[in-house]
Amino acid sequence: MAGGDAFGGHAHGSPGYRRMILALFAAGVATFSQLYSVQGVLPELARDLAVSEAQAALAVSAATAGLASSVIAWSAVADRIGRLRTMKTAVVAAVVLGLLVPAAPGFEALLALRFVEGLALGGIPAVALAYLSEEIAPLHSAVAAGTYISGTTLGGLAGRLVAGPLSEFLTWRAGTLVVALLAAAAATAFILAAPAPRGFTPVPRRTPGAPGLAAKLAANLARPRLLALYAQGLLLMGGFVAVYNYLGFRLEAPPFLIPASLASFVFLAYLSGTWSSRRAGALVGRLGRLPVLLGSTGVMAAGLAVTVLDWLPAVVAGLLLFTAGFFGAHAVASGWVPVLAVGGRAQAASLYNLAYYAGSSAFGWAVGLAFAPFGWPGAAACVLALVAAAAVIAAACLRGGDRLAG
């Protein structure tokens with residue numbers, strides 16, 4: 001049920017707009033610093049717990065699988081108790097669980113804790129873009145979505161960059177604990193800054209005759225353009241997480257032989273995603289969504305090809321391009337979903353997140369099966385196939401989507 005007709009969304013530059021941007025930026029940092037903190041410590045974790053590279057990557061996949069499993073349920077909760085209340089509940093639960101992860105007594109316990117942590121974390125991405133689209137004036141929603149995505153990039157960077165060096169000088173447990181404390185600070189900033197919702201009124205009970213959760217999901221699954229956007233999340237995120245899962249193993253091996261404390265700085269490539277997500281949102285207004293999406297995907301493919309070279313500057317340059325391309329594509333696709341949603345923006349966004357994190361869980365682990373026997377060229381070939389498939393689907397199914405989206 002929409003809010004009052006007089007409210008058309010916070011205008012760009014208004015106090016409400018600034019508070020919304022700050023709050024969602026902080027929510028992105030709190031969520032993604034925890035979600036990917038273990039990715040920066042996978043080599044140390046594998047050695048400490050005596051598991052293989054692909055098994056170690058399950059520590060990332062367990063959390064993203066939990067997140068994927070929970071986003072639809074969180075979207076239903078958000079319809080009942082409100083967007084902001086749902087996000088606050090989720091982020092507090094996630095911070096508490098994140099503080100428990102470093103104390104996991106063994107690998108199986110670690111995977112279980114990470115899965116439950118992912119269940120809690122799902123409440124942020126499941127609701128954030130719906131909350132944003134209802135509270136920000138439509139003219140500025142693409143730019144605002146890009147700002148939220150930039151917060152997720154900085155969160156992912158902070159998690160990896162803090163945990164990685166600490167894992168070498170102390171332990172992976174110390175590194176992930178510090179990240180959990182940083183996430184707690186960001187969560188506090190989100191709770192304090194988020195403006196009261198005005199664009200959506202929760203409905204505690206289903207109104208007779210109103211569509212239920214299943215009907216809302218079915219309506220959004222019946223639109224080919226939305227399915228194509230869900231495929232972008234599935235394929236591109238799967239390839240993206242796979243690259244970062246196995247990059248540390250590659251850099252610590254010949255010919256690079258880089259220690260974990262230095263290899264972690266490669267994650268600074270995330271800053272290119274912080275820039276590109278906002279830039280992509282701005283370019284949408286000039287060029288349209290599909291050209292920016294396809295252009296970003298092309299940048300991903302080009303950067304990935306460069307990383308195959310056994311020369312560290314080429315690996316870094318390729319990773320910068322690959323990361324910038326991914327976050328540009330993600331900013332466009334995720335921001336496009338609520339615009340095309342039918343009968344339930346939160347459910348449409350949750351389906352995108354379900355596909356997005358299902359890709360992270362499945363392909364983030366599966367590409368390791370190619371990495372073990374064939375090294376980086378094998379892993380890169382698998383990821384390139386995912387990126388190419390996403391581009392073909394977008395080109396075939398999303399033409400005219402800008403016009404339909406208004």
# chains A, B, ... in the order shown; residues from 1 in each chain; ligands from 1

$ residues_around --residues "segment 98-114 of chain A" --least-positions-apart "4" --cutoff "9 Å" --atoms "only C-alpha atoms" --output "PyMOL selection string"
chain A and resi 34-35+49-51+56+58-64+66+93-94+118-119+172-181+183

$ residues_around --residues "segment 291-307 of chain A" --least-positions-apart "2" --cutoff "8 Å" --atoms "only C-alpha atoms" --output "PyMOL selection string"
chain A and resi 280+283-284+287-289+309-310+314-326+328-329+332-333+380+384+387-388+391+394-395

$ atom_distance --atom1 "atom CA of Pro254 of chain A" --atom2 "atom CA of Cys382 of chain A"
21.5 Å

$ atom_distance --atom1 "atom CA of Leu67 of chain A" --atom2 "atom CA of Arg223 of chain A"
23.8 Å

$ select_by_dssp --residues "segment 50-279 of chain A" --states "helix (DSSP H, G or I)" --output "PyMOL selection string"
chain A and resi 53-81+83-103+107-121+125-135+138-169+172-193+213-221+224-252+260-279
